[in-house]
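Engineer: Input file: query-v3.tsv. Contents: TSV, C-alpha atoms and all ligand atoms.
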```tsv
chain	number	residue	atom	x	y	z
A	1	MET	CA	96.83	113.31	73.00
A	2	THR	CA	96.24	109.66	74.01
A	3	ALA	CA	97.79	108.36	70.76
A	4	TRP	CA	100.84	110.54	71.32
A	5	LEU	CA	101.13	109.32	74.93
A	6	HIS	CA	100.83	105.74	73.77
A	7	GLY	CA	103.74	106.24	71.36
A	8	LEU	CA	105.79	107.78	74.17
A	9	TYR	CA	104.89	104.93	76.50
A	10	LEU	CA	106.07	102.34	73.96
A	11	LYS	CA	109.40	104.15	73.66
A	12	LEU	CA	109.85	104.45	77.43
A	13	ARG	CA	108.95	100.80	77.98
A	14	ALA	CA	112.49	99.64	77.15
A	15	PRO	CA	114.24	98.45	80.32
A	16	LEU	CA	116.67	100.73	82.13
A	17	ILE	CA	120.01	99.07	82.67
A	18	LEU	CA	121.88	100.19	85.80
A	19	ASP	CA	124.97	98.34	87.02
A	20	ASN	CA	124.02	95.28	84.97
A	21	ASP	CA	120.56	95.15	86.57
A	22	PHE	CA	117.40	95.55	84.52
A	23	PHE	CA	114.61	97.82	85.73
A	24	TYR	CA	111.22	97.96	84.11
A	25	PRO	CA	109.39	101.13	85.11
A	26	THR	CA	105.70	100.26	85.12
A	27	LEU	CA	104.05	103.54	86.00
A	28	TYR	CA	104.66	106.94	84.48
A	29	ALA	CA	103.20	110.30	85.28
A	30	LEU	CA	103.53	113.25	82.97
A	31	ALA	CA	102.62	116.78	83.96
A	32	VAL	CA	102.03	119.27	81.18
A	33	GLU	CA	101.80	123.01	81.71
A	34	THR	CA	100.70	125.27	78.93
A	35	SER	CA	101.66	128.58	80.49
A	36	LEU	CA	105.31	129.53	80.92
A	37	GLU	CA	104.89	130.51	84.55
A	38	CYS	CA	105.32	127.08	86.06
A	39	SER	CA	108.80	126.09	87.30
A	40	ALA	CA	110.34	122.72	86.47
A	41	ASP	CA	110.36	121.82	90.17
A	42	ARG	CA	106.66	122.46	90.44
A	43	LEU	CA	105.93	120.33	87.39
A	44	LEU	CA	108.03	117.53	88.83
A	45	GLY	CA	106.11	117.84	92.10
A	46	TYR	CA	102.81	117.55	90.22
A	47	SER	CA	103.92	114.42	88.42
A	48	GLN	CA	105.12	112.88	91.69
A	49	CYS	CA	101.73	113.50	93.27
A	50	LEU	CA	100.07	111.81	90.31
A	51	LEU	CA	102.47	108.89	90.59
A	52	HIS	CA	101.44	108.30	94.21
A	53	THR	CA	97.75	108.74	93.59
A	54	GLU	CA	97.14	106.56	90.57
A	55	GLU	CA	96.12	102.97	91.18
A	56	ARG	CA	98.47	100.39	89.74
A	57	THR	CA	96.90	98.90	86.60
A	58	HIS	CA	97.94	96.10	84.32
A	59	GLY	CA	98.86	96.67	80.73
A	60	CYS	CA	99.10	99.98	78.98
A	61	ASN	CA	96.43	102.05	80.64
A	62	ILE	CA	96.57	105.74	79.88
A	63	ARG	CA	94.53	108.26	81.79
A	64	VAL	CA	94.54	111.92	80.96
A	65	LEU	CA	93.67	114.01	84.00
A	66	GLY	CA	92.30	117.51	83.96
A	67	ASN	CA	92.98	120.36	86.35
A	68	SER	CA	90.41	119.35	88.95
A	69	GLU	CA	91.82	115.83	89.11
A	70	LEU	CA	95.31	117.24	89.50
A	71	LEU	CA	94.08	119.41	92.36
A	72	SER	CA	92.55	116.39	94.05
A	73	ALA	CA	95.82	114.43	93.55
A	74	ILE	CA	97.73	117.28	95.19
A	75	GLU	CA	95.25	117.35	98.05
A	76	ASN	CA	95.61	113.58	98.52
A	77	CYS	CA	99.38	113.92	98.58
A	78	SER	CA	99.15	116.63	101.14
A	79	VAL	CA	96.78	114.52	103.28
A	80	THR	CA	99.18	111.57	103.09
A	81	ASN	CA	102.22	113.70	103.93
A	82	ARG	CA	100.55	115.30	106.93
A	83	LEU	CA	99.42	112.08	108.61
A	84	PRO	CA	102.59	111.45	110.69
A	85	GLN	CA	102.67	115.05	111.97
A	86	ALA	CA	98.96	114.97	112.70
A	87	LEU	CA	99.35	111.88	114.86
A	88	TYR	CA	102.41	113.32	116.60
A	89	HIS	CA	100.66	116.62	117.32
A	90	ASN	CA	97.49	114.91	118.53
A	91	ARG	CA	95.26	116.35	115.82
A	92	PHE	CA	93.00	113.31	115.59
A	93	THR	CA	89.94	113.15	117.78
A	94	LEU	CA	87.25	110.57	118.34
A	95	HIS	CA	83.57	111.04	117.90
A	96	TYR	CA	81.06	108.44	118.98
A	97	GLN	CA	77.71	107.55	117.48
A	98	ALA	CA	75.22	105.88	119.80
A	99	GLN	CA	73.48	102.67	118.79
A	100	TYR	CA	69.97	102.10	120.16
A	101	THR	CA	67.50	99.27	120.66
A	102	ALA	CA	65.09	99.06	117.70
A	103	GLU	CA	62.43	100.98	119.66
A	104	GLY	CA	64.98	103.67	120.41
A	105	ASN	CA	64.58	103.72	124.17
A	106	GLU	CA	67.96	102.45	125.25
A	107	ILE	CA	71.59	102.96	124.19
A	108	VAL	CA	73.27	99.61	123.56
A	109	GLY	CA	76.58	100.65	122.03
A	110	LEU	CA	78.80	103.46	120.78
A	111	GLU	CA	80.71	103.43	117.48
A	112	ALA	CA	84.04	105.27	117.60
A	113	LEU	CA	84.73	107.31	114.47
A	114	MET	CA	87.98	109.14	113.81
A	115	ARG	CA	87.98	112.85	113.01
A	116	TRP	CA	90.83	115.08	111.84
A	117	ASP	CA	90.82	118.86	111.86
A	118	GLU	CA	94.06	120.07	110.27
A	119	PRO	CA	95.05	123.74	110.73
A	120	GLY	CA	94.99	125.40	107.35
A	121	MET	CA	93.02	122.59	105.76
A	122	GLY	CA	89.93	122.30	107.96
A	123	PRO	CA	88.20	119.00	108.73
A	124	ILE	CA	89.35	116.10	106.56
A	125	SER	CA	86.93	113.20	106.08
A	126	PRO	CA	87.96	109.70	107.24
A	127	ALA	CA	86.77	108.55	103.81
A	128	LYS	CA	89.87	110.42	102.54
A	129	PHE	CA	92.47	109.96	105.25
A	130	ILE	CA	91.82	106.30	106.13
A	131	PRO	CA	92.61	105.08	102.57
A	132	ALA	CA	95.66	107.40	102.54
A	133	ALA	CA	96.82	105.94	105.87
A	134	GLU	CA	96.26	102.42	104.55
A	135	LYS	CA	98.49	103.18	101.58
A	136	ASN	CA	101.43	104.66	103.49
A	137	GLY	CA	101.35	102.39	106.53
A	138	MET	CA	100.23	105.06	109.04
A	139	ILE	CA	97.03	103.09	109.69
A	140	ALA	CA	98.83	100.80	112.20
A	141	PRO	CA	100.01	103.55	114.61
A	142	MET	CA	96.71	105.40	114.06
A	143	THR	CA	94.75	102.32	115.12
A	144	ILE	CA	96.89	101.96	118.24
A	145	TRP	CA	96.14	105.62	119.02
A	146	LEU	CA	92.43	104.96	118.40
A	147	ILE	CA	92.25	102.05	120.83
A	148	GLU	CA	94.26	103.94	123.45
A	149	GLN	CA	91.97	106.94	123.09
A	150	ILE	CA	88.91	104.71	123.54
A	151	CYS	CA	90.50	103.37	126.75
A	152	ARG	CA	91.13	106.93	128.01
A	153	ASP	CA	87.53	107.92	127.20
A	154	ILE	CA	86.22	104.83	128.98
A	155	LYS	CA	88.21	105.90	132.05
A	156	THR	CA	86.80	109.46	131.89
A	157	TRP	CA	83.23	108.14	131.69
A	158	ALA	CA	83.80	105.53	134.40
A	159	ASP	CA	85.28	108.19	136.72
A	160	ALA	CA	82.13	110.25	136.16
A	161	GLY	CA	80.07	107.28	137.33
A	162	LEU	CA	78.47	106.68	133.94
A	163	THR	CA	77.36	103.29	132.66
A	164	ILE	CA	79.35	102.65	129.49
A	165	PRO	CA	77.87	100.53	126.69
A	166	LYS	CA	80.07	98.43	124.41
A	167	ILE	CA	82.34	100.55	122.24
A	168	TRP	CA	82.83	99.49	118.64
A	169	PHE	CA	85.84	100.48	116.59
A	170	ASN	CA	86.40	100.03	112.84
A	171	LEU	CA	89.34	97.86	111.90
A	172	SER	CA	90.89	98.76	108.60
A	173	ALA	CA	91.13	95.90	106.11
A	174	ALA	CA	94.82	96.74	105.66
A	175	LEU	CA	95.46	95.48	109.21
A	176	LEU	CA	93.86	92.07	108.75
A	177	GLY	CA	97.22	90.54	107.87
A	178	GLU	CA	99.05	92.11	110.85
A	179	PRO	CA	100.57	89.07	112.62
A	180	PHE	CA	100.13	90.10	116.26
A	181	LEU	CA	97.02	92.24	115.93
A	182	THR	CA	94.94	90.51	118.60
A	183	ARG	CA	97.84	90.40	121.04
A	184	GLN	CA	98.61	94.07	120.45
A	185	VAL	CA	95.00	95.07	121.08
A	186	LEU	CA	94.83	92.97	124.25
A	187	ASN	CA	98.10	94.48	125.52
A	188	ILE	CA	96.70	98.00	125.15
A	189	LEU	CA	93.53	97.01	127.00
A	190	LYS	CA	95.55	95.41	129.79
A	191	ARG	CA	97.76	98.47	130.13
A	192	HIS	CA	94.66	100.64	130.58
A	193	ASP	CA	92.91	98.08	132.77
A	194	VAL	CA	89.97	97.82	130.35
A	195	SER	CA	88.22	94.47	129.95
A	196	PRO	CA	88.13	93.01	126.38
A	197	ASP	CA	84.34	92.67	126.57
A	198	SER	CA	84.09	96.49	126.71
A	199	LEU	CA	85.08	96.54	123.04
A	200	GLY	CA	83.69	95.35	119.74
A	201	MET	CA	85.43	95.37	116.38
A	202	GLU	CA	83.77	96.19	113.04
A	203	LEU	CA	85.15	94.82	109.82
A	204	THR	CA	83.77	96.03	106.55
A	205	GLU	CA	82.18	93.33	104.41
A	206	THR	CA	84.46	93.86	101.41
A	207	SER	CA	87.61	93.21	103.45
A	208	LEU	CA	86.30	89.78	104.35
A	209	ILE	CA	86.09	88.77	100.72
A	210	SER	CA	89.47	90.05	99.63
A	211	ASP	CA	91.37	88.47	102.52
A	212	ALA	CA	89.16	85.59	103.65
A	213	LYS	CA	91.90	83.47	105.22
A	214	ASN	CA	93.26	86.18	107.49
A	215	ALA	CA	89.77	87.45	108.22
A	216	ALA	CA	88.68	84.07	109.62
A	217	LEU	CA	91.78	83.92	111.82
A	218	VAL	CA	91.46	87.46	113.17
A	219	LEU	CA	87.73	87.15	113.84
A	220	SER	CA	88.09	83.92	115.81
A	221	GLN	CA	91.07	85.24	117.81
A	222	MET	CA	89.17	88.40	118.75
A	223	ILE	CA	86.03	86.51	119.74
A	224	SER	CA	87.91	84.02	121.91
A	225	ALA	CA	89.68	86.93	123.61
A	226	GLY	CA	86.27	88.42	124.49
A	227	ILE	CA	86.08	91.17	121.86
A	228	GLU	CA	82.84	90.88	119.86
A	229	VAL	CA	82.95	91.15	116.09
A	230	ALA	CA	80.55	92.92	113.73
A	231	ILE	CA	80.40	92.70	109.96
A	232	ASP	CA	79.93	96.27	108.75
A	233	ASP	CA	78.33	97.75	105.61
A	234	TYR	CA	76.62	94.46	104.73
A	235	GLY	CA	75.00	94.62	101.32
A	236	ALA	CA	77.47	97.15	99.94
A	237	GLY	CA	79.78	94.37	98.73
A	238	PHE	CA	79.21	91.00	97.14
A	239	THR	CA	79.79	88.44	99.90
A	240	SER	CA	77.89	85.25	99.31
A	241	ILE	CA	75.87	84.16	102.32
A	242	ASN	CA	77.75	80.89	102.10
A	243	SER	CA	81.22	82.42	102.52
A	244	MET	CA	80.00	84.75	105.24
A	245	PHE	CA	78.67	81.86	107.31
A	246	ALA	CA	82.13	80.32	107.28
A	247	LEU	CA	83.21	83.23	109.51
A	248	PRO	CA	82.50	83.69	113.21
A	249	PHE	CA	80.77	86.96	114.13
A	250	ASN	CA	78.32	88.36	116.66
A	251	GLN	CA	76.68	91.26	114.88
A	252	LEU	CA	75.67	92.09	111.32
A	253	LYS	CA	75.29	95.73	110.28
A	254	ILE	CA	73.10	96.28	107.25
A	255	ASP	CA	74.37	99.03	104.97
A	256	ARG	CA	72.19	102.11	104.54
A	257	CYS	CA	71.99	101.61	100.75
A	258	PHE	CA	70.60	98.08	101.16
A	259	MET	CA	68.04	99.35	103.69
A	260	LEU	CA	66.99	102.18	101.34
A	261	ARG	CA	66.69	99.80	98.41
A	262	SER	CA	64.45	97.46	100.41
A	263	LEU	CA	61.95	100.32	100.83
A	264	THR	CA	61.09	100.20	97.14
A	265	CYS	CA	62.37	96.84	95.87
A	266	LEU	CA	60.42	93.76	96.92
A	267	ASP	CA	63.31	91.37	96.21
A	268	SER	CA	65.61	93.30	98.54
A	269	TYR	CA	62.88	93.41	101.16
A	270	THR	CA	62.36	89.65	100.96
A	271	LEU	CA	66.10	89.00	101.12
A	272	LEU	CA	66.53	91.19	104.20
A	273	LYS	CA	63.46	89.71	105.87
A	274	SER	CA	64.79	86.15	105.55
A	275	LEU	CA	68.30	87.28	106.51
A	276	GLY	CA	66.77	88.65	109.71
A	277	GLU	CA	65.15	85.29	110.45
A	278	VAL	CA	68.40	83.40	109.86
A	279	MET	CA	70.36	85.79	112.09
A	280	GLN	CA	67.81	85.33	114.85
A	281	THR	CA	68.22	81.55	114.84
A	282	ARG	CA	71.99	82.01	114.93
A	283	ASN	CA	71.89	84.48	117.81
A	284	ILE	CA	73.57	87.14	115.72
A	285	SER	CA	72.29	90.63	116.39
A	286	LEU	CA	71.11	92.65	113.47
A	287	VAL	CA	71.85	96.37	113.26
A	288	TYR	CA	70.30	98.74	110.75
A	289	GLU	CA	72.57	101.70	109.97
A	290	GLY	CA	71.79	105.08	108.55
A	291	ILE	CA	68.24	105.31	109.89
A	292	GLU	CA	67.15	108.92	109.44
A	293	THR	CA	63.35	108.86	109.75
A	294	GLU	CA	60.68	107.26	111.91
A	295	SER	CA	59.27	105.36	108.93
A	296	GLN	CA	62.73	103.93	108.16
A	297	ARG	CA	62.95	102.88	111.82
A	298	GLN	CA	59.62	101.06	111.62
A	299	HIS	CA	60.71	99.42	108.37
A	300	ALA	CA	63.95	98.20	110.01
A	301	GLU	CA	61.99	96.89	112.99
A	302	GLN	CA	59.73	94.92	110.61
A	303	LEU	CA	62.83	93.42	109.03
A	304	GLY	CA	63.97	92.10	112.41
A	305	ALA	CA	66.43	94.81	113.48
A	306	ASN	CA	67.61	94.35	117.05
A	307	TYR	CA	69.50	97.64	117.05
A	308	ILE	CA	69.46	100.88	115.13
A	309	GLN	CA	72.08	103.48	114.38
A	310	GLY	CA	71.41	106.69	112.52
A	311	PHE	CA	70.78	110.41	112.56
A	312	LEU	CA	67.18	109.81	113.73
A	313	PHE	CA	68.50	109.05	117.21
A	314	ALA	CA	72.05	110.37	117.34
A	315	ARG	CA	74.83	111.80	115.20
A	316	PRO	CA	78.50	111.13	115.87
A	317	GLU	CA	79.43	113.48	118.75
A	318	PRO	CA	82.58	114.35	120.72
A	319	ARG	CA	83.28	112.78	124.11
A	320	ASP	CA	81.77	115.52	126.25
A	321	LYS	CA	78.45	115.44	124.42
A	322	ILE	CA	78.43	111.66	124.78
A	323	SER	CA	78.97	112.08	128.54
A	324	ALA	CA	75.82	114.19	128.67
A	325	LEU	CA	73.94	111.68	126.52
A	326	LEU	CA	74.99	108.75	128.73
A	327	ALA	CA	74.06	110.71	131.83
A	328	SER	CA	70.59	111.53	130.49
A	329	THR	CA	69.65	108.12	129.08
A	330	PRO	CA	68.79	105.24	131.39
A	331	ALA	CA	71.08	102.31	130.54
B	401	LIG	O1	82.31	109.10	110.06
B	401	LIG	P1	82.16	109.12	108.58
B	401	LIG	O2	80.85	108.80	108.00
B	401	LIG	O3	82.69	110.39	107.99
B	401	LIG	O4	83.14	107.94	108.12
B	401	LIG	C1	83.39	107.65	106.78
B	401	LIG	C2	84.01	106.28	106.69
B	401	LIG	O5	85.25	106.20	107.43
B	401	LIG	C3	83.11	105.19	107.27
B	401	LIG	O6	83.11	104.09	106.38
B	401	LIG	C4	83.77	104.81	108.55
B	401	LIG	O7	83.58	103.45	108.88
B	401	LIG	C5	85.24	105.09	108.28
B	401	LIG	N1	85.95	105.36	109.53
B	401	LIG	C6	85.69	106.32	110.44
B	401	LIG	N2	86.54	106.21	111.49
B	401	LIG	C7	87.33	105.12	111.23
B	401	LIG	C8	88.41	104.49	111.91
B	401	LIG	O8	88.79	104.86	113.04
B	401	LIG	N3	89.00	103.44	111.29
B	401	LIG	C9	88.60	102.97	110.08
B	401	LIG	N4	89.24	101.94	109.56
B	401	LIG	N5	87.59	103.55	109.41
B	401	LIG	C10	86.96	104.60	109.96
B	402	LIG	O1	81.06	102.53	107.23
B	402	LIG	P1	80.49	102.83	108.58
B	402	LIG	O2	79.21	102.12	108.83
B	402	LIG	O3	81.45	102.62	109.71
B	402	LIG	O4	80.15	104.38	108.54
B	402	LIG	C1	79.67	105.06	109.63
B	402	LIG	C2	79.36	106.43	109.15
B	402	LIG	O5	78.02	106.53	108.65
B	402	LIG	C3	79.46	107.44	110.26
B	402	LIG	O6	80.67	108.09	110.15
B	402	LIG	C4	78.34	108.40	110.05
B	402	LIG	O7	78.78	109.71	109.75
B	402	LIG	C5	77.55	107.83	108.88
B	402	LIG	N1	76.16	107.80	109.31
B	402	LIG	C6	75.69	107.44	110.51
B	402	LIG	N2	74.36	107.55	110.59
B	402	LIG	C7	73.96	108.02	109.39
B	402	LIG	C8	72.67	108.36	108.87
B	402	LIG	O8	71.64	108.25	109.51
B	402	LIG	N3	72.65	108.80	107.59
B	402	LIG	C9	73.77	108.91	106.83
B	402	LIG	N4	73.64	109.36	105.59
B	402	LIG	N5	75.00	108.60	107.30
B	402	LIG	C10	75.10	108.16	108.56
B	403	MN	MN	81.32	101.07	111.10
```
Spell out the structure here as structure tokens.

Structural biologist:
Amino acid sequence: MTAWLHGLYLKLRAPLILDNDFFYPTLYALAVETSLECSADRLLGYSQCLLHTEERTHGCNIRVLGNSELLSAIENCSVTNRLPQALYHNRFTLHYQAQYTAEGNEIVGLEALMRWDEPGMGPISPAKFIPAAEKNGMIAPMTIWLIEQICRDIKTWADAGLTIPKIWFNLSAALLGEPFLTRQVLNILKRHDVSPDSLGMELTETSLISDAKNAALVLSQMISAGIEVAIDDYGAGFTSINSMFALPFNQLKIDRCFMLRSLTCLDSYTLLKSLGEVMQTRNISLVYEGIETESQRQHAEQLGANYIQGFLFARPEPRDKISALLASTPA
């Protein structure tokens, strides 16, 4: 099959000439149906889904997908296509996960996490819809919605007389290059009469490597505006400590995988231990994520964790449950 496809690819690779312009198609998708029950339109639809799902690769790279991969491509297409409607019809909601002091006796922050429950499809994971939104550009209006929703939730909690800890939102790497990002965020806050120091922004470690120049600019703009910055999922990527220190940030969140590894691997333990010491001298707070058990909590504390986030203390919960949590926990 692959040899046959390769032959076909070589034939198709000739340029298309339209009105004296040359076009070189670089990506092809071919849908094959072995039964006779499938209409031509349906086959074309399948191949279009595949075309939108496949990553662009260099050179002649042929991938033969089976039925389950086709189904997942169709699902991805359907997720992507439903994003604009979902935003328009207010189908996104926010959950918040509380962040605690290392001993677990005080809430110090809340991380806002987007949720999407689509009628007919059920809950769709942000791990699916965020990358889809990054690809089709919906991530920008979705992020504006996210910040506005945080402002509305802050107002609800403030009206109920609750003390509100700092609220952290995740900024998608795709928005790092947005020219007026900081100004846009500040405008939303001003419109809702929310102070910039009520918010913190998390940027995943990998985005800092792939777009270092913009990352440095965005981080320093946010910090000077009063919005704290956290580096998220640290240890899941490959940032050198050297390049990370070139960036301004207030909080470092250690990825769950790195924490788990340090339980059994002495090198990882030693690395994290010294990282904790360096962060302390730099006044950067250290957060351990994904803490599920008391022994993991103690381990994180030994490694110098200032704060802890994880199922041991709290899962991501909708606004009303967070109201109850804030009301019951002394701040
Ligand atoms: O909440 P959950 O574990 O299902 O989230 C999966 C991933 O999606 C996590 O990496 C989380 O950071 C990311 N995520 C959740 N909400 C948002 C959001 O509002 N914006 C961005 N960019 N990522 C989010
Ligand atoms: O990538 P980011 O750190 O933003 O991802 C946050 C996500 O991690 C949340 O959506 C949440 O569902 C998940 N999470 C939070 N606490 C835990 C935990 O204790 N264990 C696991 N496995 N996942 C967690
Ligand atoms: Mn995060």

Engineer: Go through A:Lys128, A:His299, A:Arg152, A:Arg256 and flag the residue nearest ligand LIG 401 (chain B), using all atoms listed in the file for the distances.

Structural biologist: A:Lys128

Engineer: When you count only C-alpha atoms, which of these residues is closest to Ile223 in chain A: A:Leu303, A:Thr206, A:Asn250, A:Ser240?

Structural biologist: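 Ranked by minimum distance to Ile223 in chain A, first place goes to A:Asn250.
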
Engineer: Let me have all residues with an atom within 9 Å of ligand LIG 402 (chain B), counting only C-alpha atoms and all ligand atoms, laid out as a tab-separated table (two decimals) with C-alpha atoms, in the coordinates of the input.

Structural biologist:
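Result file is result-v1.tsv:
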```tsv
chain	number	residue	atom	x	y	z
A	95	HIS	CA	83.57	111.04	117.90
A	96	TYR	CA	81.06	108.44	118.98
A	97	GLN	CA	77.71	107.55	117.48
A	111	GLU	CA	80.71	103.43	117.48
A	112	ALA	CA	84.04	105.27	117.60
A	113	LEU	CA	84.73	107.31	114.47
A	114	MET	CA	87.98	109.14	113.81
A	126	PRO	CA	87.96	109.70	107.24
A	127	ALA	CA	86.77	108.55	103.81
A	169	PHE	CA	85.84	100.48	116.59
A	170	ASN	CA	86.40	100.03	112.84
A	202	GLU	CA	83.77	96.19	113.04
A	203	LEU	CA	85.15	94.82	109.82
A	204	THR	CA	83.77	96.03	106.55
A	232	ASP	CA	79.93	96.27	108.75
A	233	ASP	CA	78.33	97.75	105.61
A	253	LYS	CA	75.29	95.73	110.28
A	254	ILE	CA	73.10	96.28	107.25
A	255	ASP	CA	74.37	99.03	104.97
A	256	ARG	CA	72.19	102.11	104.54
A	289	GLU	CA	72.57	101.70	109.97
A	290	GLY	CA	71.79	105.08	108.55
A	291	ILE	CA	68.24	105.31	109.89
A	292	GLU	CA	67.15	108.92	109.44
A	293	THR	CA	63.35	108.86	109.75
A	309	GLN	CA	72.08	103.48	114.38
A	310	GLY	CA	71.41	106.69	112.52
A	311	PHE	CA	70.78	110.41	112.56
A	312	LEU	CA	67.18	109.81	113.73
A	313	PHE	CA	68.50	109.05	117.21
A	314	ALA	CA	72.05	110.37	117.34
A	315	ARG	CA	74.83	111.80	115.20
A	316	PRO	CA	78.50	111.13	115.87
```

Engineer: Between A:Arg91, A:Arg319, A:His6, A:Arg63, which is the closest to Ile124 in chain A once you count all atoms listed in the file?

Structural biologist: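 Closest residue, counting all atoms listed in the file: A:Arg91.
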
Engineer: May I have the residues within 10 Å of Glu118 in chain A as a list in words, using all atoms listed in the file and disregarding those fewer than 5 positions away in the same chain?

Structural biologist: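 Contacts, in chain order: Val79, Arg82, Leu83, Ala86, Arg91, Phe92, Pro123 and Ile124 of chain A.
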
Engineer: Which value, in Å to one decimal, gives the distance between CA of Ile209 in chain A and CA of Gly235 in chain A?

Structural biologist: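 CA of Ile209 in chain A sits 12.6 Å away from CA of Gly235 in chain A.
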
Engineer: Which residues come within 8 Å of Glu148 in chain A, counting all atoms listed in the file, excluding same-chain residues fewer than 5 positions away, as a list in words?

Structural biologist: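 These residues fall inside the cut-off: Ile188, Leu189 and His192 of chain A.
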
Engineer: Could you work out how far CA of Trp168 in chain A lies from CA of Ala236 in chain A, giving the answer in Å with one decimal?

Structural biologist: 19.6 Å

Engineer: Of the residues A:Gly200, A:Gln302, A:Ser285, A:Cys38, which is the one nearest to ligand MN 403 (chain B), using only C-alpha atoms and all ligand atoms?

Structural biologist: A:Gly200

Engineer: May I ask which of the residues A:Asn20, A:Gln280, A:Gln99, A:Thr264 is the closest one to ligand MN 403 (chain B), counting only C-alpha atoms and all ligand atoms?

Structural biologist: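 Looking only at the distances to ligand MN 403 (chain B), the closest residue turns out to be A:Gln99.
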
Engineer: From the set A:Thr93, A:Asn76, A:Thr26, A:Asn67, which residue has the shortest atom-to-atom contact distance to ligand LIG 401 (chain B), counting only C-alpha atoms and all ligand atoms?

Structural biologist: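 When distances to ligand LIG 401 (chain B) are compared using only C-alpha atoms and all ligand atoms, the smallest one comes from A:Thr93.
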
Engineer: Please identify all polymer residues within 10 Å of Val287 in chain A, counting only C-alpha atoms, omitting same-chain residues fewer than 3 positions from it, and present them as a list of chain:residue names.

Structural biologist: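 So the residues in contact are A:Gln99, A:Tyr100, A:Thr101, A:Ala102, A:Ala230, A:Ile231, A:Asp232, A:Tyr234, A:Gln251, A:Leu252, A:Lys253, A:Ile254, A:Asp255, A:Gly276, A:Ile284, A:Gly290, A:Ala300, A:Glu301, A:Gly304, A:Ala305, A:Asn306, A:Tyr307, A:Ile308, A:Gln309.
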
Engineer: In Å, rounded to a single decimal, give me how far CA of Leu199 in chain A is from CA of Gln298 in chain A.

Structural biologist: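 These two atoms are separated by 28.3 Å.
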
Engineer: So that I can see what lies close to Ala225 in chain A, please list as a VMD selection string the residues with an atom at most 8 Å from it, counting all atoms listed in the file and leaving out residues fewer than 3 positions away in the same chain.

Structural biologist: chain A and resid 186 196 221 to 222

Engineer: If you count all atoms listed in the file, which residues fall within 12 Å of Ala327 in chain A, apart from same-chain ones fewer than 5 positions away, as number ranges by chain?

Structural biologist: A: 107, 157-158, 160-164, 320-322

Engineer: Padding 4 Å on every side, please: axis-aligned box over the listed atoms of range 63-73 of chain A, centre and edge lengths to one decimal in Å, as JSON.

Structural biologist:
```
{"center_x": 93.1, "center_y": 114.3, "center_z": 87.5, "size_x": 13.4, "size_y": 20.1, "size_z": 21.1}
```
